Amino acid sequence: MKKLNKRSFLKVSGAASASLPVFSIGAPAATAAEELRIGCIGMGRMMYWHVNGLMARAKLVAVCDVDQTRRESEQARVNEYYENKECAAYNDYRDLLARDDIDAVCIATPDHWHAQITIDAARAGKHIYCEKPLTHDIDESIRVMDEVQKAGIVLQTGSQQRGMKEFRVAAELVRNGVAGKVLEVKSDFWGPGRPFDLPQEEMEPGLDWNRWCGPAPLNHYTSKLSPRGVHDFFPMGWRQTIEYGGGGICDMGAHHLDIIQMALGMDQSGPIKALPPEGGGNEYGAKLVYDGGIEVTREKGFMVDFICENGRIQASRGQFQFELDGRIIQKFLVPEDGSLARAVVLTEREYLKDAKVRFPQQKKGGHTQNFLDAIVRGTQPMVPVESGSRSAICCHLMNLSYHHQQPIHWDPKKLQFSDKSCDSDWITGSRRDYLNG
């Protein structure tokens, strides 16, 4: 891959602003996005791309990872980009948070660390970009909402799918009732995680394994959880293990359920029940049920599929189909169908020109620029803390229904279970008192 420095990157990556509703936060630490000083925590494959965007649009001054090779490699890459040696590298994220000169942090660790680092960053007064799912269990979602709102800082959840035009337009069609009332929703994503059962491997030098496990169980080392050094793939081992991830439900499911929450107007609410598949096991068929009877079913097909009274609205990454009154209005599923941009633009032009509900459009610089602009302007980012937390709760409820193979009842207003049908120890997760000793 061609190396970039700041001058060459800025030629191909422009910064742009986003027009978003104003809300009350603390005073920004800088008057322009380019002046914000950023620290990055968790230097894996996802962070590689975040680093590219942050280096060009702000001042990336620190990196942190429990793997020495990864943190030193990214430190060197940042220093080469800026043509200096000012980027610091840390093993313990708390040392990074202790710096008064850092305005914001980007978190792309495995899921089991998201909430603790987010809470500590909020208490330290840092603005936060945290990858989805925002939390690893329901209790964490509630605590993260409380802490971020109390701190008055900006939090952007890394649910980048909200910025993709095919999903935004699909959600706007649903929200504005263009095809009538939603009858049911289907969504295709991988299934629940499994308990840790990976074989032990010999520990290699340069990895702080105790700190990698952190607040989760201290299991034996395996490279399936933490591939050593710099890699160009997304590790699936921890994602599929319930102690550290949440299976496909908390991976791609977090993206798709987030779009469904947005489309149904549930960013400040959520489902009232989760149901396992009728046939049991980890197969397709699990459901989330909303007040009023709308069911969201995990089923093969599109990433989001809204079946409405007068039509059907379907979207996947790079695909879009809109049916109304028995005929296909727009379709882009394969190249032979034309172009995705054309299908979306024509749909917007004809069916959304007078829409009462419109969502923010992704600008140049994407989710990263949206986050930086929100800090400077004191606005809401595209996926603020409550949206991210409640979408994560959807994932956790479905995982619980699979785990217990029974209905899980939930009160989204009170943010509590509405019966005692599940094991509270599993709900809050198995946690070591890591940070206190």
# chains A, B, ... in the order shown; residues from 1 in each chain; ligands from 1
$ closest_atom_pairs --of "range 134-236 of chain A" --to "range 294-298 of chain A" --cutoff "9 Å" --atoms "only C-alpha atoms" --output "JSON lines"
{"residue": "A:Val182", "atom": "CA", "partner": "A:Ile294", "partner_atom": "CA", "distance": 7.3}
{"residue": "A:Leu183", "atom": "CA", "partner": "A:Ile294", "partner_atom": "CA", "distance": 6.1}
{"residue": "A:Glu184", "atom": "CA", "partner": "A:Glu295", "partner_atom": "CA", "distance": 5.3}
{"residue": "A:Val185", "atom": "CA", "partner": "A:Val296", "partner_atom": "CA", "distance": 4.6}
{"residue": "A:Lys186", "atom": "CA", "partner": "A:Thr297", "partner_atom": "CA", "distance": 4.8}
{"residue": "A:Ser187", "atom": "CA", "partner": "A:Arg298", "partner_atom": "CA", "distance": 5.1}
{"residue": "A:Asp188", "atom": "CA", "partner": "A:Arg298", "partner_atom": "CA", "distance": 5.6}
{"residue": "A:Phe189", "atom": "CA", "partner": "A:Arg298", "partner_atom": "CA", "distance": 6.9}
{"residue": "A:Trp190", "atom": "CA", "partner": "A:Arg298", "partner_atom": "CA", "distance": 8.7}
{"residue": "A:Gly191", "atom": "CA", "partner": "A:Arg298", "partner_atom": "CA", "distance": 8.7}
$ write_last_selection --atoms "N, CA and C atoms" --output "PDB file, in the first residue's frame"
ATOM      1  N   VAL A 182     -45.558  -0.102   8.685  1.00  0.00           N
ATOM      2  CA  VAL A 182     -44.669  -1.261   8.698  1.00  0.00           C
ATOM      3  C   VAL A 182     -45.399  -2.438   9.337  1.00  0.00           C
ATOM      4  N   LEU A 183     -45.412  -3.583   8.641  1.00  0.00           N
ATOM      5  CA  LEU A 183     -46.062  -4.781   9.161  1.00  0.00           C
ATOM      6  C   LEU A 183     -45.061  -5.709   9.850  1.00  0.00           C
ATOM      7  N   GLU A 184     -43.897  -5.881   9.237  1.00  0.00           N
ATOM      8  CA  GLU A 184     -42.844  -6.707   9.825  1.00  0.00           C
ATOM      9  C   GLU A 184     -41.513  -6.343   9.194  1.00  0.00           C
ATOM     10  N   VAL A 185     -40.434  -6.757   9.865  1.00  0.00           N
ATOM     11  CA  VAL A 185     -39.090  -6.454   9.390  1.00  0.00           C
ATOM     12  C   VAL A 185     -38.265  -7.735   9.429  1.00  0.00           C
ATOM     13  N   LYS A 186     -37.430  -7.912   8.414  1.00  0.00           N
ATOM     14  CA  LYS A 186     -36.515  -9.049   8.379  1.00  0.00           C
ATOM     15  C   LYS A 186     -35.090  -8.513   8.239  1.00  0.00           C
ATOM     16  N   SER A 187     -34.147  -9.251   8.796  1.00  0.00           N
ATOM     17  CA  SER A 187     -32.753  -8.813   8.731  1.00  0.00           C
ATOM     18  C   SER A 187     -31.836 -10.023   8.763  1.00  0.00           C
ATOM     19  N   ASP A 188     -30.827 -10.017   7.902  1.00  0.00           N
ATOM     20  CA  ASP A 188     -29.917 -11.152   7.776  1.00  0.00           C
ATOM     21  C   ASP A 188     -28.563 -10.815   8.393  1.00  0.00           C
ATOM     22  N   PHE A 189     -28.184 -11.555   9.406  1.00  0.00           N
ATOM     23  CA  PHE A 189     -26.854 -11.440  10.008  1.00  0.00           C
ATOM     24  C   PHE A 189     -26.519 -12.746  10.701  1.00  0.00           C
ATOM     25  N   TRP A 190     -25.246 -12.892  11.057  1.00  0.00           N
ATOM     26  CA  TRP A 190     -24.790 -14.137  11.663  1.00  0.00           C
ATOM     27  C   TRP A 190     -25.374 -14.316  13.060  1.00  0.00           C
ATOM     28  N   GLY A 191     -25.219 -15.516  13.597  1.00  0.00           N
ATOM     29  CA  GLY A 191     -25.862 -15.884  14.851  1.00  0.00           C
ATOM     30  C   GLY A 191     -25.100 -15.519  16.109  1.00  0.00           C
TER      31      GLY A 191
END
$ closest_atom_pairs --of "range 87-182 of chain A" --to "range 206-224 of chain A" --cutoff "12 Å" --atoms "only C-alpha atoms" --output "tab-separated table"
residue	atom	partner	partner_atom	distance
A:Tyr90	CA	A:Asp208	CA	11.7
A:Asn91	CA	A:Asp208	CA	8.0
A:Asp92	CA	A:Arg211	CA	8.0
A:Tyr93	CA	A:Arg211	CA	10.0
A:Arg94	CA	A:Arg211	CA	11.6
A:Thr109	CA	A:Trp212	CA	9.2
A:Pro110	CA	A:Trp212	CA	8.9
A:Asp111	CA	A:Ala216	CA	10.1
A:His112	CA	A:Ala216	CA	6.5
A:Trp113	CA	A:Pro215	CA	7.1
A:His114	CA	A:Pro215	CA	10.4
A:Ala115	CA	A:Pro215	CA	10.1
A:Gln116	CA	A:Pro215	CA	8.1
A:Ile117	CA	A:Pro215	CA	10.5
A:His136	CA	A:Ala216	CA	10.1
A:Asp137	CA	A:Ala216	CA	11.7
A:Glu140	CA	A:Pro215	CA	12.0
$ residues_around --residues "range 391-408 of chain A" --least-positions-apart "3" --cutoff "6 Å" --atoms "only C-alpha atoms" --output "list in words"
Pro133, Ile138, Pro192, Ile249, Cys250, Asp258, Lys273, Ala274, Leu275, Pro276 and Gly388 of chain A
$ residues_around --residues "range 145-148 of chain A" --least-positions-apart "6" --cutoff "8 Å" --atoms "only C-alpha atoms" --output "PDB file with N, CA and C atoms, in the first residue's frame"
ATOM      1  N   ILE A 119     -16.258   4.829  29.733  1.00  0.00           N
ATOM      2  CA  ILE A 119     -16.596   5.452  31.017  1.00  0.00           C
ATOM      3  C   ILE A 119     -15.406   6.211  31.580  1.00  0.00           C
ATOM      4  N   ALA A 122     -14.895   9.376  29.532  1.00  0.00           N
ATOM      5  CA  ALA A 122     -15.907  10.385  29.849  1.00  0.00           C
ATOM      6  C   ALA A 122     -15.575  11.077  31.170  1.00  0.00           C
ATOM      7  N   ARG A 123     -15.176  10.305  32.159  1.00  0.00           N
ATOM      8  CA  ARG A 123     -14.812  10.884  33.456  1.00  0.00           C
ATOM      9  C   ARG A 123     -13.571  11.763  33.350  1.00  0.00           C
ATOM     10  N   VAL A 154     -19.114  14.739  23.741  1.00  0.00           N
ATOM     11  CA  VAL A 154     -19.632  14.153  22.512  1.00  0.00           C
ATOM     12  C   VAL A 154     -19.197  12.693  22.433  1.00  0.00           C
ATOM     13  N   LEU A 155     -20.136  11.803  22.097  1.00  0.00           N
ATOM     14  CA  LEU A 155     -19.792  10.420  21.803  1.00  0.00           C
ATOM     15  C   LEU A 155     -20.395  10.041  20.457  1.00  0.00           C
ATOM     16  N   VAL A 385     -24.721   8.794  21.949  1.00  0.00           N
ATOM     17  CA  VAL A 385     -24.602   7.728  22.946  1.00  0.00           C
ATOM     18  C   VAL A 385     -25.900   6.950  23.152  1.00  0.00           C
ATOM     19  N   GLU A 386     -27.047   7.614  23.184  1.00  0.00           N
ATOM     20  CA  GLU A 386     -28.278   6.868  23.438  1.00  0.00           C
ATOM     21  C   GLU A 386     -28.623   5.968  22.262  1.00  0.00           C
ATOM     22  N   SER A 389     -26.160   3.016  22.427  1.00  0.00           N
ATOM     23  CA  SER A 389     -26.419   2.144  23.573  1.00  0.00           C
ATOM     24  C   SER A 389     -27.676   1.317  23.374  1.00  0.00           C
TER      25      SER A 389
END
$ residues_around --residues "His409 in chain A" --least-positions-apart "3" --cutoff "8 Å" --atoms "only C-alpha atoms" --output "mmCIF file with N, CA and C atoms, in the first residue's frame"
data_model
loop_
_atom_site.group_PDB
_atom_site.id
_atom_site.type_symbol
_atom_site.label_atom_id
_atom_site.label_comp_id
_atom_site.auth_asym_id
_atom_site.auth_seq_id
_atom_site.Cartn_x
_atom_site.Cartn_y
_atom_site.Cartn_z
ATOM 1 N N ILE A 272 -39.721 -4.653 23.182
ATOM 2 C CA ILE A 272 -40.244 -5.036 24.494
ATOM 3 C C ILE A 272 -40.032 -6.519 24.777
ATOM 4 N N LYS A 273 -39.550 -7.246 23.764
ATOM 5 C CA LYS A 273 -39.389 -8.686 23.954
ATOM 6 C C LYS A 273 -38.431 -9.240 22.911
ATOM 7 N N ALA A 274 -37.683 -10.270 23.312
ATOM 8 C CA ALA A 274 -36.849 -11.030 22.379
ATOM 9 C C ALA A 274 -37.262 -12.490 22.456
ATOM 10 N N PHE A 417 -35.515 -5.284 32.972
ATOM 11 C CA PHE A 417 -36.272 -6.458 32.572
ATOM 12 C C PHE A 417 -37.633 -6.425 33.249
ATOM 13 N N SER A 418 -38.655 -6.815 32.500
ATOM 14 C CA SER A 418 -40.015 -6.720 33.021
ATOM 15 C C SER A 418 -40.495 -8.031 33.630
ATOM 16 N N ASP A 419 -39.644 -9.033 33.699
ATOM 17 C CA ASP A 419 -39.924 -10.223 34.493
ATOM 18 C C ASP A 419 -38.586 -10.832 34.902
ATOM 19 N N SER A 421 -37.181 -13.741 33.905
ATOM 20 C CA SER A 421 -37.030 -14.924 33.067
ATOM 21 C C SER A 421 -35.594 -15.219 32.687
#
$ select_by_dssp --residues "range 37-115 of chain A" --states "helix (DSSP H, G or I)" --output "NGL selection string"
:A and (45-57 or 68-82 or 93-97 or 111-115)
$ atom_distance --atom1 "CA of Phe233 in chain A" --atom2 "CA of Ala108 in chain A"
14.1 Å
$ residues_around --residues "Asp325 in chain A" --least-positions-apart "5" --cutoff "9 Å" --atoms "only C-alpha atoms" --output "PyMOL selection string"
chain A and resi 179+309-311
$ write_last_selection --atoms "N, CA and C atoms" --output "PDB file, in the first residue's frame"
ATOM      1  N   ALA A 179     -44.556   3.837   2.098  1.00  0.00           N
ATOM      2  CA  ALA A 179     -45.201   2.575   1.701  1.00  0.00           C
ATOM      3  C   ALA A 179     -46.248   2.138   2.718  1.00  0.00           C
ATOM      4  N   GLU A 309     -47.567  -2.015   4.435  1.00  0.00           N
ATOM      5  CA  GLU A 309     -48.932  -2.199   3.937  1.00  0.00           C
ATOM      6  C   GLU A 309     -49.006  -2.101   2.417  1.00  0.00           C
ATOM      7  N   ASN A 310     -48.275  -1.142   1.863  1.00  0.00           N
ATOM      8  CA  ASN A 310     -48.408  -0.875   0.428  1.00  0.00           C
ATOM      9  C   ASN A 310     -47.136  -1.133  -0.364  1.00  0.00           C
ATOM     10  N   GLY A 311     -46.170  -1.781   0.253  1.00  0.00           N
ATOM     11  CA  GLY A 311     -44.935  -2.010  -0.486  1.00  0.00           C
ATOM     12  C   GLY A 311     -43.856  -2.657   0.351  1.00  0.00           C
TER      13      GLY A 311
END
$ closest_residue --among "A:Pro277, A:Pro205, A:Pro384, A:Gly180" --to "Ile313 in chain A" --atoms "only C-alpha atoms"
A:Gly180
$ closest_residue --among "A:Gly366, A:Pro335, A:Gly245, A:Pro381" --to "Lys132 in chain A" --atoms "only C-alpha atoms"
A:Gly245
$ residues_around --residues "Ala315 in chain A" --least-positions-apart "6" --cutoff "12 Å" --atoms "only C-alpha atoms" --output "PyMOL selection string"
chain A and resi 161-162+164-171+173-174+185-188+256+259-260+301-307+321-323+330-333+340+343-344
$ write_last_selection --atoms "C-alpha atoms" --output "mmCIF file, in the first residue's frame"
data_model
loop_
_atom_site.group_PDB
_atom_site.id
_atom_site.type_symbol
_atom_site.label_atom_id
_atom_site.label_comp_id
_atom_site.auth_asym_id
_atom_site.auth_seq_id
_atom_site.Cartn_x
_atom_site.Cartn_y
_atom_site.Cartn_z
ATOM 1 C CA GLN A 161 -23.798 2.121 8.092
ATOM 2 C CA ARG A 162 -26.079 5.049 9.009
ATOM 3 C CA MET A 164 -24.535 4.826 3.609
ATOM 4 C CA LYS A 165 -27.061 6.323 1.203
ATOM 5 C CA GLU A 166 -28.945 3.077 0.527
ATOM 6 C CA PHE A 167 -29.695 2.605 4.239
ATOM 7 C CA ARG A 168 -30.435 6.276 4.897
ATOM 8 C CA VAL A 169 -32.995 6.466 2.077
ATOM 9 C CA ALA A 170 -34.562 3.149 3.096
ATOM 10 C CA ALA A 171 -34.954 4.453 6.651
ATOM 11 C CA LEU A 173 -38.979 5.920 3.268
ATOM 12 C CA VAL A 174 -40.033 3.880 6.299
ATOM 13 C CA VAL A 185 -39.090 -6.454 9.390
ATOM 14 C CA LYS A 186 -36.515 -9.049 8.379
ATOM 15 C CA SER A 187 -32.753 -8.813 8.731
ATOM 16 C CA ASP A 188 -29.917 -11.152 7.776
ATOM 17 C CA HIS A 256 -28.490 -3.754 10.788
ATOM 18 C CA ILE A 259 -30.695 0.933 10.958
ATOM 19 C CA ILE A 260 -33.965 -0.694 12.008
ATOM 20 C CA GLY A 301 -32.125 -12.206 2.689
ATOM 21 C CA PHE A 302 -31.451 -8.473 2.770
ATOM 22 C CA MET A 303 -29.596 -6.735 5.580
ATOM 23 C CA VAL A 304 -32.772 -4.733 6.260
ATOM 24 C CA ASP A 305 -36.140 -5.619 4.741
ATOM 25 C CA PHE A 306 -39.241 -3.599 5.688
ATOM 26 C CA ILE A 307 -42.539 -5.194 4.658
ATOM 27 C CA GLN A 321 -34.973 -2.130 -3.855
ATOM 28 C CA PHE A 322 -38.214 -0.217 -3.411
ATOM 29 C CA GLU A 323 -41.600 -1.699 -4.285
ATOM 30 C CA GLN A 330 -36.324 1.356 -8.139
ATOM 31 C CA LYS A 331 -33.907 -1.577 -8.013
ATOM 32 C CA PHE A 332 -30.165 -1.961 -7.858
ATOM 33 C CA LEU A 333 -29.029 -5.450 -6.884
ATOM 34 C CA LEU A 340 -26.986 2.430 -6.901
ATOM 35 C CA ALA A 343 -31.694 4.375 -7.836
ATOM 36 C CA VAL A 344 -31.280 6.301 -4.590
#
$ closest_residue --among "A:Gln156, A:Asn84, A:Gln314, A:Asn52" --to "Ala104 in chain A" --atoms "only C-alpha atoms"
A:Gln156
$ atom_distance --atom1 "CA of Cys40 in chain A" --atom2 "CA of Asp103 in chain A"
11.4 Å
$ atom_distance --atom1 "CA of Gly125 in chain A" --atom2 "CA of Ile38 in chain A"
12.8 Å
$ select_by_dssp --residues "range 254-423 of chain A" --states "strand (DSSP E)" --output "PyMOL selection string"
chain A and resi 273-275+287-289+295-298+304-308+311-316+319-324+327-332+408-411+416-417
